[in-house]
Protein chains: 2
Amino acid sequence: MKKTVMTAAVLAALTSSLSFADEGMWQPHQLPELESILKAKGLSIDAKSIARLTEFPMNAVISLGGCTASFVSAQGLAVTNHHCAYGSIQYNSTAKNNLLANGFLAKKHSDELPAAPGSRIYVTEEVKNVTADINQELSASLQGKARFDKIDELRKGIVADCEQSKGYRCDVYSFHGGLEYYLIKQLEIKDVRLVHAPASGVGKFGGDIDNWMWPRHTGDYSFYRAYVGPDGKPAEFDKANKPFTPPSFLKVSAQGVKENDFVMVIGYPGRTNRYNTASEVRNQFTQQLPVSRDYREQLIALIQQHAPEGSETRIKYESTLAGLANYAKNFTGMIQTYQSGTTQQRKDDAEKALNAWINAEPARKAKYAPALLELENLIKAGQTYQQRDLILGYFASAQLFNTASRLYRWSHEQQKPDAERESGYQQRDAVRLEAGLKRLSRNFDPAIDLEIALHFLGLYAQLPAEQRLPAFDAYFGLDKAAFDAKQMRERLSKLYQATSLADEASRLAWVGKSVADFKASKDPMIQYAVAMFDTEMQLENAQKERAGQLAVARPKAMEAVIAYNKSLGKPVYADANSTLRVTYGTVQGYQPKDGVLYTPFTTVAGISAKATGVDPFDAPKAQLEAIAKGDFAGYTAKELGTLPVNFLSNVDTTGGNSGSPTLNGKAEFVGLLFDGVIEGIIGNFDYDAALNRSIHVDSRYMLWQMEKVDGAKHLLDEMTIVR
Amino acid sequence: MKKTVMTAAVLAALTSSLSFADEGMWQPHQLPELESILKAKGLSIDAKSIARLTEFPMNAVISLGGCTASFVSAQGLAVTNHHCAYGSIQYNSTAKNNLLANGFLAKKHSDELPAAPGSRIYVTEEVKNVTADINQELSASLQGKARFDKIDELRKGIVADCEQSKGYRCDVYSFHGGLEYYLIKQLEIKDVRLVHAPASGVGKFGGDIDNWMWPRHTGDYSFYRAYVGPDGKPAEFDKANKPFTPPSFLKVSAQGVKENDFVMVIGYPGRTNRYNTASEVRNQFTQQLPVSRDYREQLIALIQQHAPEGSETRIKYESTLAGLANYAKNFTGMIQTYQSGTTQQRKDDAEKALNAWINAEPARKAKYAPALLELENLIKAGQTYQQRDLILGYFASAQLFNTASRLYRWSHEQQKPDAERESGYQQRDAVRLEAGLKRLSRNFDPAIDLEIALHFLGLYAQLPAEQRLPAFDAYFGLDKAAFDAKQMRERLSKLYQATSLADEASRLAWVGKSVADFKASKDPMIQYAVAMFDTEMQLENAQKERAGQLAVARPKAMEAVIAYNKSLGKPVYADANSTLRVTYGTVQGYQPKDGVLYTPFTTVAGISAKATGVDPFDAPKAQLEAIAKGDFAGYTAKELGTLPVNFLSNVDTTGGNSGSPTLNGKAEFVGLLFDGVIEGIIGNFDYDAALNRSIHVDSRYMLWQMEKVDGAKHLLDEMTIVR
């Protein structure tokens with residue numbers, strides 16, 4: 001699935017379809033409550049230790065921002081998924097020296113390559129409940145945008161205080177749609193280097209064809225190393241930097257797991273919507289997802305057409321294409337599962353049951369019913385312009401327009417004191433902004449950008465008048481003449497020729513310029529940003545108004561849901577929100593359809609059977625020879641009589657969990673989570689115990705490939721291998 | 001697979017890869033030798049009874065010529081596959097009253113419809129070893145064509161004697177490439193009527209997409225009834241005819257089978273090549289099959305292009321298309337399995353082992369080595385013109401040319417005494433000839449016929465000069481000008497306009513005309529037949545010369561193979577040759593690939609999951625409602641908790657076995673064999689115990705669908721159901 005966070009994901013929550021089974025993405029502090037279950041399942045370390053973030057194994061698990069990783073040596077060696085390190089491998093690749101195709105292995109520290117600009121390693125050191133700090137400042141009269149702004153101001157204040165500690169990044173996360181707030185403090189390591197990645201024929205074996213699929217044979221692992229300044233503190237890349245000494249690291253098992261073994265996964269799941277209302281689910285699966293899927297497929301076709309395979313341009317867009325295809329497939333799978341399954345029916349039923357419970361007691365009814373009604377109205381109101389918002393959202397894939405708008409907004413925000421600036425435009429975000437402006441040089445081509453803009457302008461032009469934005473119409477001349485593709489292409493061509501934003505130095509030069517500078521500019525992209533600014537602010541303020549209203553209705557509704565679940569004796573976990581979670585379960589297969597069983601392990605025999613020599617089934621020759629030779633000594637799974645490659649478990653994961661270590665009951669690293677199965681793909685909305693399966697790289701396969709094929713024995717020597 | 005006999009199948013045999021397991025298509029007389037194995041596996045009736053053709057259950061199993069069927073009532077009711085009755089359902093279908101789409105059910109005898117012209121039911125009554133009768137007439141000096149002709153004459157003589165009994169059809173079959181000959185005498189029932197066929201959405205559910213595939217959900221069954229004259233003897237269709245009283249019939253089990261249960265299948269497997277030489281196998285998989293597959297796919301594309309879906313023309317070609325697609329898929333599967341598997345290696349190794357065994361002893365070497373060498377030379381010689389022969393073979397799919405040639409040959413053969421006529425052109429074949437000429441009206445369209453001819457003429461024209469046939473070149477003007485598609489289309493158009501053979505009455509009128517009448521004809525198709533006659537006879541005689549030589553070399557080589565296998569303690573069965581065979585095994589699933597298991601049963605849940613409402617997944621609404629209702633009383637599989645649809649077993653079957661009854665240890669009907677799985681598709685050449693699986697319709701599904709959905713309760717009442 002290439003678990004990076006879904007951008008368009010809807011926040012928040014209402015009715016729960018929480019089943020028992022191994023469902024649940026638990027906050028570490030909840031684990032002691034679950035101790036008896038965990039012990040019965042096979043956990044042998046103290047469950048309370050998992051609740052303590054500054055102890056082993058929790059402090060060995062790190063975030064890459066969108067992916068998870070874990071330390072596996074005392075010298076800051078970190079393992080994550082190949083697809084999580086993909087941007088860094090791509091960043092260091094050229095048509096001549098194609099690390100994606102050939103893989104990469106640093107023989108010594110000085111050979112290690114800088115990761116893509118902006119790459120970070122975050123080590124969570126503190127999680128603190130700050131709900132009271134926020135709620136005590138919110139009077140009942142504070143409503144709509146004013147309430148939103150106040151919450152925003154309070155969160156920023158808490159973050160700013162926390163970031164007084166140099167080298168830390170802090171964030172306040174909302175749980176249960178604003179029922180609770182937690183401050184999370186993370187050490188921010190800024191010098192991240194690429195140590196090892198297998199060839200794509202291993203790390204991406206099966207590619208988009210096998211993505212979300214079982215049986216799977218992907219060696220989806222790569223290694224980074226964290227570096228800090230000579231003083232041991234986070235520092236920007238510098239040759240004088242030293243490997244970071246992590247507070248702890250995971251031992252790597254060469255023994256692996258077998259069917260029914262206990263496993264747990266620690267990581268940073270991005271976003272789930274398990275508590276969405278029935279109407280939100282309906283809208284999601286019948287409107288949002290089908291349209292988004294179509295737009296993604298149109299984008300893929302456009303890019304493939306204009307960036308021929310093998311070209312430098314295509315290399316620039318490989319990562320974008322992978323992301324588009326990944327979620328196009330994801331969306332298709334979700335839509336199909338929704339259409340053929342009973343999700344909507346069960347959501348409707350659950351909502352009815354919740355309402356019946358609320359209405360059964362007058363006090364309860366008085367307490368919750370108005371909030372539920374208000375929530376439903378706010379949801380409906382928020383969908384009024386969703387068709388336009390989707391088109392404009394995908395129009396922003398035309399990166400130059402989007403970049404111009406961000407730069408102009410930056411200049412506006414700089415006029416305010418730092419604490420009052422919009423999130424994403426504060427001083428702390430400056431590095432990210434610059435990294436993004438630089439990264440553009442690697443993944444952008446003006447001709448393709450133009451085609452993307454043209455395509456979505458065509459779709460926009462078909463919107464009914466009441467959905468259109470006058471400023472947008474005026475800028476593109478759509479107020480004067482109907483859309484004509486040929487004329488619009490000419491107009492855009494002139495515009496792309498005239499702008500200097502395609503040049504990296506010119507882009508960077510705009511950072512720090514004044515609003516007046518922007519207004520005076522003749523650059524047509526900058527003029528676009530200026531022309532759209534007021535409209536964008538109006539849209540944003542309207543959204544904040546609604547968010548402020550939701551910040552009252554959602555928590556109240558979630559309170560009802562939690563109370564209802566408690567009345568049924570069900571524990572409740574919060575929807576995923578990119579914060580550190582623990583999920584547990586067992587190694588097990590599943591029945592994907594009538595007449596078919598998927599067994600929990602694949603083996604190297606499956607690699608040889610799938611190998612065609614052609615991408616994405618281009619297993620390297622050396623690997624195929626090693627498989628044929630059959631020397632799996634030290635890594636054989638006794639039950640299988642051969643070397644396992646991937647395995648299935650029922651742990652509850654989602655995008656963001658990618659790269660998470662999979663641990664056995666002793667907290668040893670036995671695998672690397674990297675995907676979920678298509679049959680369980682609706683899991684972000686609706687967990688199905690029979691079909692929800694995660695896919696892991698087996699540690700034995702990783703170690704074997706590194707030792708016997710890729711000559712990475714020195715990395716094995718650096719790690720602590722449990723044999 | 002739609003098991004109808006492969007036309008292009010190569011005869012004969014050499015090295016065996018016979019494994020133990022449940023491999024083997026046994027001649028009934030061999031069964032007593034296998035009694036202890038059968039008893040251990042679960043046979044509860046007397047194994048010797050299966051050796052006796054005139055007793056239950058053997059005399060309940062009948063041949064349809066290309067398919068198998070079995071009697072299931074005392075009133076001549078016979079069950080076979082939907083795809084075996086397909087031609088008859090199609091024959092009675094019109095665009096207005098589409099029995100293929102809607103199914104058919106006769107409520108009473110008088111509603112039953114005549115099967116397609118030429119439909120027959122054959123009841124085997126006698127199998128007699130006539131090897132000695134033939135061999136005693138063959139002197140060593142009789143070689144080549146003379147030997148072939150003598151064997152042919154002897155076989156015809158034996159057949160003619162046998163057919164003195166009115167109402168019988170006899171044939172002499174060669175076993176082990178001519179090592180043994182058996183006379184088989186069959187009662188020939190000529191009045192066959194269609195009683196019941198489910199809708200295509202049941203009987204052909206999954207269509208070409210699911211063909212050869214597991215998981216499978218096809219209700220591939222249909223019912224015929226055998227009728228005889230008022231005197232109880234076979235007679236042509238007549239309203240006064242009465243249902244035939246079979247000597248025995250099968251009881252139908254409503255209890256079904258479960259995993260690991262013993263099953264046996266009795267039927268008429270068409271052709272296997274398990275004893276082909278290594279070089280024959282290599283030629284088959286690297287030359288014959290890839291080219292044939294391409295030609296079939298080209299034919300399919302041509303027909304689909306020129307006969308739009310839903311047109312009357314398309315209805316005419318549906319059966320042809322189904323056959324083409326079926327074997328195109330079959331060939332593709334075989335080629336893939338060959339390429340990815342070790343078949344060739346094992347054939348090569350087995351041949352080496354055989355040769356080593358032969359050469360290990362001087363006497364043995366003297367006895368067998370020359371025959372093996374001779375066989376190899378003959379095989380090579382036979383491949384000289386295979387490229388041309390394949391093209392001309394597929395050119396014959398242009399049915400008018402082929403029909404003209406057959407009519408002219410008929411006229412030639414009529415000049416000889418009946419016994420001396422070529423097989424297929426004797427008096428006994430007259431009815432088949434006429435039926436074929438009539439059937440043409442239902443499955444032929446001149447415009448499409450023309451396109452087929454044009455296509456293969458284009459391929460023929462690319463052959464090197466030494467492969468070309470002067471008479472063929474001359475007739476199509478290819479001796480004067482290079483092939484030009486436009487000009488050739490014009491030439492063919494004139495030809496198709498001028499011929500009267502597209503008219504049924506005109507075609508039939510040619511039967512009985514003299515050679516002189518043909519020679520004098522101005523009909524261009526008849527002129528084609530006359531022009532090609534001498535060339536065709538030359539080719540045929542050369543083939544007979546080689547066949548006569550093979551008739552010496554093959555049996556000798558097979559003698560060596562049998563002796564070698566005996567030295568290893570392995571029993572030997574003959575390759576399938578359309579004669580009655582018994583195969584046994586157990587109900588079991590398999591592992592199609594790494595990480596996946598196929599379970600032995602599918603269930604009705606799979607029908608609902610696959611159903612789209614669109615062909616080939618157009619399960620009828622009434623069926624889907626009945627499944628949703630869940631009333632499976634009397635037919636539930638206890639282990640599954642629901643109604644099974646299809647099941648897998650490891651019985652050893654091939655094309656021709658289609659429609660064979662699947663029996664439990666008590667010889668009760670528990671299913672209907674109808675397909676094999678694609679992973680075992682190379683089985684005709686190479687049996688793999690891990691992957692060779694047959695697919696059966698579960699009797700419980702058939703009974704449930706008939707009783708609860710299709711209102712065929714009167715047919716259940718007519719059968720003896722074991723509950």
# chains A, B, ... in the order shown; residues from 1 in each chain; ligands from 1
$ interface_residues --of "chain B" --to "chain A" --cutoff "9 Å" --atoms "only C-alpha atoms" --output "list in words"
Trp214, Pro215, Arg216, Ser340, Lys593, Asp594, Gly595, Val596, Leu597, Tyr598, Thr599, Pro600, Phe601, Thr602, Thr603, Val604, Ala605, Gly606, Ile607 and Ala609 of chain B
$ write_last_selection --atoms "N, CA and C atoms" --output "short mmCIF file (atom, residue, chain, number, x, y, z; two decimals), in the first residue's frame"
data_model
loop_
_atom_site.label_atom_id
_atom_site.label_comp_id
_atom_site.auth_asym_id
_atom_site.auth_seq_id
_atom_site.Cartn_x
_atom_site.Cartn_y
_atom_site.Cartn_z
N TRP B 214 -10.04 -22.48 -10.99
CA TRP B 214 -10.59 -22.61 -9.65
C TRP B 214 -10.32 -21.31 -8.94
N PRO B 215 -11.19 -20.79 -8.09
CA PRO B 215 -12.49 -21.35 -7.70
C PRO B 215 -13.54 -21.25 -8.81
N ARG B 216 -14.38 -22.27 -8.89
CA ARG B 216 -15.33 -22.39 -9.97
C ARG B 216 -16.75 -22.54 -9.44
N SER B 340 7.55 -22.88 -17.65
CA SER B 340 7.96 -22.61 -16.27
C SER B 340 8.27 -23.90 -15.51
N LYS B 593 -0.10 -22.05 -6.22
CA LYS B 593 1.15 -21.28 -6.19
C LYS B 593 1.51 -20.95 -4.77
N ASP B 594 2.73 -20.47 -4.62
CA ASP B 594 3.26 -20.10 -3.32
C ASP B 594 2.30 -19.15 -2.59
N GLY B 595 1.93 -19.51 -1.36
CA GLY B 595 1.10 -18.62 -0.54
C GLY B 595 -0.39 -18.81 -0.70
N VAL B 596 -0.80 -19.73 -1.59
CA VAL B 596 -2.23 -19.91 -1.89
C VAL B 596 -2.62 -21.38 -1.84
N LEU B 597 -3.76 -21.67 -1.21
CA LEU B 597 -4.33 -23.02 -1.24
C LEU B 597 -5.71 -22.94 -1.87
N TYR B 598 -6.01 -23.89 -2.73
CA TYR B 598 -7.37 -24.00 -3.23
C TYR B 598 -8.07 -25.10 -2.43
N THR B 599 -9.19 -24.73 -1.80
CA THR B 599 -9.91 -25.70 -1.00
C THR B 599 -10.78 -26.55 -1.93
N PRO B 600 -11.12 -27.79 -1.52
CA PRO B 600 -11.76 -28.70 -2.47
C PRO B 600 -13.20 -28.35 -2.85
N PHE B 601 -13.86 -27.51 -2.09
CA PHE B 601 -15.26 -27.17 -2.42
C PHE B 601 -15.44 -25.67 -2.63
N THR B 602 -16.30 -25.30 -3.58
CA THR B 602 -16.82 -23.94 -3.59
C THR B 602 -18.27 -24.01 -3.11
N THR B 603 -18.82 -22.85 -2.75
CA THR B 603 -20.17 -22.81 -2.22
C THR B 603 -20.98 -21.71 -2.92
N VAL B 604 -22.27 -21.71 -2.66
CA VAL B 604 -23.14 -20.72 -3.30
C VAL B 604 -22.77 -19.28 -2.95
N ALA B 605 -22.07 -19.08 -1.82
CA ALA B 605 -21.64 -17.71 -1.48
C ALA B 605 -20.78 -17.16 -2.61
N GLY B 606 -20.01 -18.03 -3.23
CA GLY B 606 -19.14 -17.60 -4.32
C GLY B 606 -19.90 -17.18 -5.56
N ILE B 607 -21.08 -17.76 -5.76
CA ILE B 607 -21.91 -17.34 -6.91
C ILE B 607 -22.37 -15.90 -6.69
N ALA B 609 -21.04 -13.68 -4.86
CA ALA B 609 -19.90 -12.76 -4.89
C ALA B 609 -19.47 -12.46 -6.31
#
$ select_by_dssp --residues "stretch 117-266 of chain A" --states "strand (DSSP E or B)" --output "VMD selection string"
chain A and resid 121 to 129 168 to 175 180 to 189 191 to 197 222 to 228 242 to 243 252 to 253 262 to 266
$ write_last_selection --atoms "C-alpha atoms" --output "PDB file, in the first residue's frame"
ATOM      1  CA  ILE A 121      13.953  11.202  11.999  1.00  0.00           C
ATOM      2  CA  TYR A 122      11.667  11.951  14.935  1.00  0.00           C
ATOM      3  CA  VAL A 123      12.110  10.215  18.283  1.00  0.00           C
ATOM      4  CA  THR A 124       9.043  10.594  20.494  1.00  0.00           C
ATOM      5  CA  GLU A 125      10.201  11.475  24.000  1.00  0.00           C
ATOM      6  CA  GLU A 126       7.082  12.771  25.690  1.00  0.00           C
ATOM      7  CA  VAL A 127       3.303  12.475  25.358  1.00  0.00           C
ATOM      8  CA  LYS A 128       1.290  14.734  27.662  1.00  0.00           C
ATOM      9  CA  ASN A 129      -2.463  15.156  28.002  1.00  0.00           C
ATOM     10  CA  TYR A 168      12.862  19.243  19.381  1.00  0.00           C
ATOM     11  CA  ARG A 169       9.728  19.366  17.321  1.00  0.00           C
ATOM     12  CA  CYS A 170       6.418  19.462  19.167  1.00  0.00           C
ATOM     13  CA  ASP A 171       2.819  19.087  18.158  1.00  0.00           C
ATOM     14  CA  VAL A 172      -0.570  19.060  19.814  1.00  0.00           C
ATOM     15  CA  TYR A 173      -2.748  16.275  18.449  1.00  0.00           C
ATOM     16  CA  SER A 174      -6.484  16.083  18.711  1.00  0.00           C
ATOM     17  CA  PHE A 175      -8.078  12.727  19.655  1.00  0.00           C
ATOM     18  CA  GLU A 180      -8.828  15.113  24.062  1.00  0.00           C
ATOM     19  CA  TYR A 181      -5.554  16.859  23.169  1.00  0.00           C
ATOM     20  CA  TYR A 182      -2.054  15.495  23.641  1.00  0.00           C
ATOM     21  CA  LEU A 183       1.246  17.338  23.330  1.00  0.00           C
ATOM     22  CA  ILE A 184       3.877  15.193  21.670  1.00  0.00           C
ATOM     23  CA  LYS A 185       7.536  16.140  21.927  1.00  0.00           C
ATOM     24  CA  GLN A 186       9.981  14.616  19.477  1.00  0.00           C
ATOM     25  CA  LEU A 187      13.718  14.858  19.073  1.00  0.00           C
ATOM     26  CA  GLU A 188      14.220  16.025  15.482  1.00  0.00           C
ATOM     27  CA  ILE A 189      17.239  14.522  13.777  1.00  0.00           C
ATOM     28  CA  ASP A 191      21.022  14.665   9.208  1.00  0.00           C
ATOM     29  CA  VAL A 192      19.609  11.452   7.768  1.00  0.00           C
ATOM     30  CA  ARG A 193      21.678   9.335   5.369  1.00  0.00           C
ATOM     31  CA  LEU A 194      20.937   6.453   3.077  1.00  0.00           C
ATOM     32  CA  VAL A 195      22.936   3.373   4.049  1.00  0.00           C
ATOM     33  CA  HIS A 196      21.457   0.526   2.037  1.00  0.00           C
ATOM     34  CA  ALA A 197      18.613  -0.221  -0.339  1.00  0.00           C
ATOM     35  CA  SER A 222      15.986  -0.040   3.360  1.00  0.00           C
ATOM     36  CA  PHE A 223      18.399   1.376   5.874  1.00  0.00           C
ATOM     37  CA  TYR A 224      19.020   4.938   7.013  1.00  0.00           C
ATOM     38  CA  ARG A 225      21.467   6.212   9.585  1.00  0.00           C
ATOM     39  CA  ALA A 226      20.788   9.113  11.951  1.00  0.00           C
ATOM     40  CA  TYR A 227      23.614  11.622  12.364  1.00  0.00           C
ATOM     41  CA  VAL A 228      24.010  14.394  14.964  1.00  0.00           C
ATOM     42  CA  LYS A 242      28.697  11.636  14.012  1.00  0.00           C
ATOM     43  CA  PRO A 243      26.275   8.706  14.042  1.00  0.00           C
ATOM     44  CA  VAL A 252      16.857  -8.644  14.954  1.00  0.00           C
ATOM     45  CA  SER A 253      15.579 -12.199  14.980  1.00  0.00           C
ATOM     46  CA  PHE A 262       1.979 -13.371  18.732  1.00  0.00           C
ATOM     47  CA  VAL A 263       3.205 -10.226  16.975  1.00  0.00           C
ATOM     48  CA  MET A 264       2.873  -6.552  17.715  1.00  0.00           C
ATOM     49  CA  VAL A 265       3.513  -3.515  15.571  1.00  0.00           C
ATOM     50  CA  ILE A 266       4.576  -0.141  16.920  1.00  0.00           C
TER      51      ILE A 266
END
$ residues_around --residues "A:Asn443" --least-positions-apart "5" --cutoff "9 Å" --atoms "only C-alpha atoms" --output "list in words"
Thr313, Ile315, Lys316, Tyr317, Glu318, Ser319 and Thr320 of chain A
$ residues_around --residues "stretch 151-157 of chain A" --least-positions-apart "6" --cutoff "7 Å" --atoms "only C-alpha atoms" --output "list in words"
Ile134, Val172, Ala419 and Glu420 of chain A
$ write_last_selection --atoms "all heavy atoms" --output "short mmCIF file (atom, residue, chain, number, x, y, z; two decimals), in the first residue's frame"
data_model
loop_
_atom_site.label_atom_id
_atom_site.label_comp_id
_atom_site.auth_asym_id
_atom_site.auth_seq_id
_atom_site.Cartn_x
_atom_site.Cartn_y
_atom_site.Cartn_z
N ILE A 134 -6.33 23.35 27.34
CA ILE A 134 -7.07 23.98 26.25
C ILE A 134 -8.49 24.31 26.67
O ILE A 134 -8.96 25.44 26.54
CB ILE A 134 -7.02 23.08 25.00
CG1 ILE A 134 -5.59 23.09 24.44
CG2 ILE A 134 -8.04 23.55 23.95
CD1 ILE A 134 -5.34 22.22 23.25
N VAL A 172 0.60 19.42 19.01
CA VAL A 172 -0.57 19.06 19.81
C VAL A 172 -1.54 18.32 18.89
O VAL A 172 -1.92 18.85 17.85
CB VAL A 172 -1.24 20.30 20.43
CG1 VAL A 172 -2.57 19.92 21.08
CG2 VAL A 172 -0.32 20.96 21.46
N ALA A 419 3.89 33.64 16.51
CA ALA A 419 2.89 32.79 17.17
C ALA A 419 1.51 32.90 16.53
O ALA A 419 0.69 32.00 16.64
CB ALA A 419 2.80 33.16 18.65
N GLU A 420 1.25 34.00 15.85
CA GLU A 420 -0.08 34.19 15.24
C GLU A 420 -0.16 33.69 13.83
O GLU A 420 -1.23 33.69 13.21
CB GLU A 420 -0.43 35.69 15.26
CG GLU A 420 -0.76 36.18 16.66
CD GLU A 420 -0.94 37.69 16.70
OE1 GLU A 420 -1.30 38.28 15.65
OE2 GLU A 420 -0.71 38.28 17.77
#
$ closest_residue --among "B:Glu35, B:Ser44, B:Ala529, B:His109" --to "B:Asn402" --atoms "only C-alpha atoms"
B:Ala529
$ closest_residue --among "A:Gly683, A:Arg409, A:Leu501, A:Lys556" --to "A:Lys513" --atoms "only C-alpha atoms"
A:Arg409
$ select_by_dssp --residues "stretch 468-616 of chain A" --states "alpha helix (DSSP H)" --output "ChimeraX atom specification"
/A:470-475,485-498,504-509,515-520,524-567,604-610
$ write_last_selection --atoms "C-alpha atoms" --output "tab-separated table (two decimals), in the first residue's frame"
chain	number	residue	atom	x	y	z
A	470	PRO	CA	-14.99	34.69	-9.96
A	471	ALA	CA	-11.29	35.41	-9.30
A	472	PHE	CA	-10.27	32.07	-10.78
A	473	ASP	CA	-12.54	32.59	-13.80
A	474	ALA	CA	-11.12	36.07	-14.34
A	475	TYR	CA	-7.48	34.99	-14.11
A	485	ALA	CA	-8.63	23.42	-24.86
A	486	LYS	CA	-6.52	24.72	-27.72
A	487	GLN	CA	-6.76	28.35	-26.65
A	488	MET	CA	-6.17	27.47	-23.02
A	489	ARG	CA	-3.06	25.46	-23.91
A	490	GLU	CA	-1.69	28.50	-25.72
A	491	ARG	CA	-2.52	30.75	-22.77
A	492	LEU	CA	-0.80	28.36	-20.36
A	493	SER	CA	2.22	27.98	-22.65
A	494	LYS	CA	2.82	31.70	-22.57
A	495	LEU	CA	2.38	31.68	-18.84
A	496	TYR	CA	4.86	28.83	-18.26
A	497	GLN	CA	7.34	30.51	-20.60
A	498	ALA	CA	7.06	33.80	-18.77
A	504	GLU	CA	15.16	26.76	-8.24
A	505	ALA	CA	17.16	29.89	-7.40
A	506	SER	CA	14.30	32.14	-8.50
A	507	ARG	CA	11.84	30.20	-6.37
A	508	LEU	CA	14.05	30.41	-3.33
A	509	ALA	CA	14.60	34.14	-3.93
A	515	VAL	CA	3.64	41.42	-0.09
A	516	ALA	CA	4.31	44.60	-2.07
A	517	ASP	CA	7.07	42.82	-4.01
A	518	PHE	CA	4.57	40.12	-4.98
A	519	LYS	CA	1.91	42.63	-5.96
A	520	ALA	CA	4.40	44.47	-8.18
A	524	PRO	CA	2.25	35.43	-14.20
A	525	MET	CA	2.45	32.66	-11.57
A	526	ILE	CA	3.00	35.23	-8.84
A	527	GLN	CA	0.13	37.21	-10.33
A	528	TYR	CA	-2.04	34.11	-10.03
A	529	ALA	CA	-1.20	33.88	-6.32
A	530	VAL	CA	-2.01	37.56	-5.81
A	531	ALA	CA	-5.25	37.33	-7.79
A	532	MET	CA	-6.48	34.27	-5.86
A	533	PHE	CA	-5.38	35.32	-2.37
A	534	ASP	CA	-8.58	36.95	-1.12
A	535	THR	CA	-10.71	34.14	-2.48
A	536	GLU	CA	-8.49	31.52	-0.87
A	537	MET	CA	-8.68	33.32	2.46
A	538	GLN	CA	-12.46	33.49	2.24
A	539	LEU	CA	-12.67	29.77	1.56
A	540	GLU	CA	-10.27	29.06	4.40
A	541	ASN	CA	-12.19	31.24	6.84
A	542	ALA	CA	-15.45	29.55	5.93
A	543	GLN	CA	-13.77	26.22	6.57
A	544	LYS	CA	-12.49	27.46	9.92
A	545	GLU	CA	-15.93	28.66	10.85
A	546	ARG	CA	-17.24	25.17	10.21
A	547	ALA	CA	-14.25	23.59	11.97
A	548	GLY	CA	-14.99	25.71	15.03
A	549	GLN	CA	-18.57	24.49	15.00
A	550	LEU	CA	-17.40	20.91	14.55
A	551	ALA	CA	-15.00	21.36	17.46
A	552	VAL	CA	-18.09	21.58	19.65
A	553	ALA	CA	-20.31	19.00	17.97
A	554	ARG	CA	-17.76	16.23	17.34
A	555	PRO	CA	-16.40	15.81	20.85
A	556	LYS	CA	-19.95	15.77	22.20
A	557	ALA	CA	-20.93	13.13	19.69
A	558	MET	CA	-17.80	11.11	20.50
A	559	GLU	CA	-18.66	11.36	24.17
A	560	ALA	CA	-21.96	9.69	23.33
A	561	VAL	CA	-20.22	7.00	21.29
A	562	ILE	CA	-17.75	6.27	24.08
A	563	ALA	CA	-20.46	6.16	26.72
A	564	TYR	CA	-22.50	3.82	24.54
A	565	ASN	CA	-19.53	1.50	23.94
A	566	LYS	CA	-18.74	1.50	27.64
A	567	SER	CA	-22.34	0.47	28.33
A	604	VAL	CA	11.45	-17.84	-2.20
A	605	ALA	CA	9.95	-20.44	-4.56
A	606	GLY	CA	7.32	-17.81	-5.32
A	607	ILE	CA	9.98	-15.28	-6.35
A	608	SER	CA	11.43	-17.68	-8.92
A	609	ALA	CA	7.94	-18.50	-10.16
A	610	LYS	CA	7.00	-14.83	-10.60
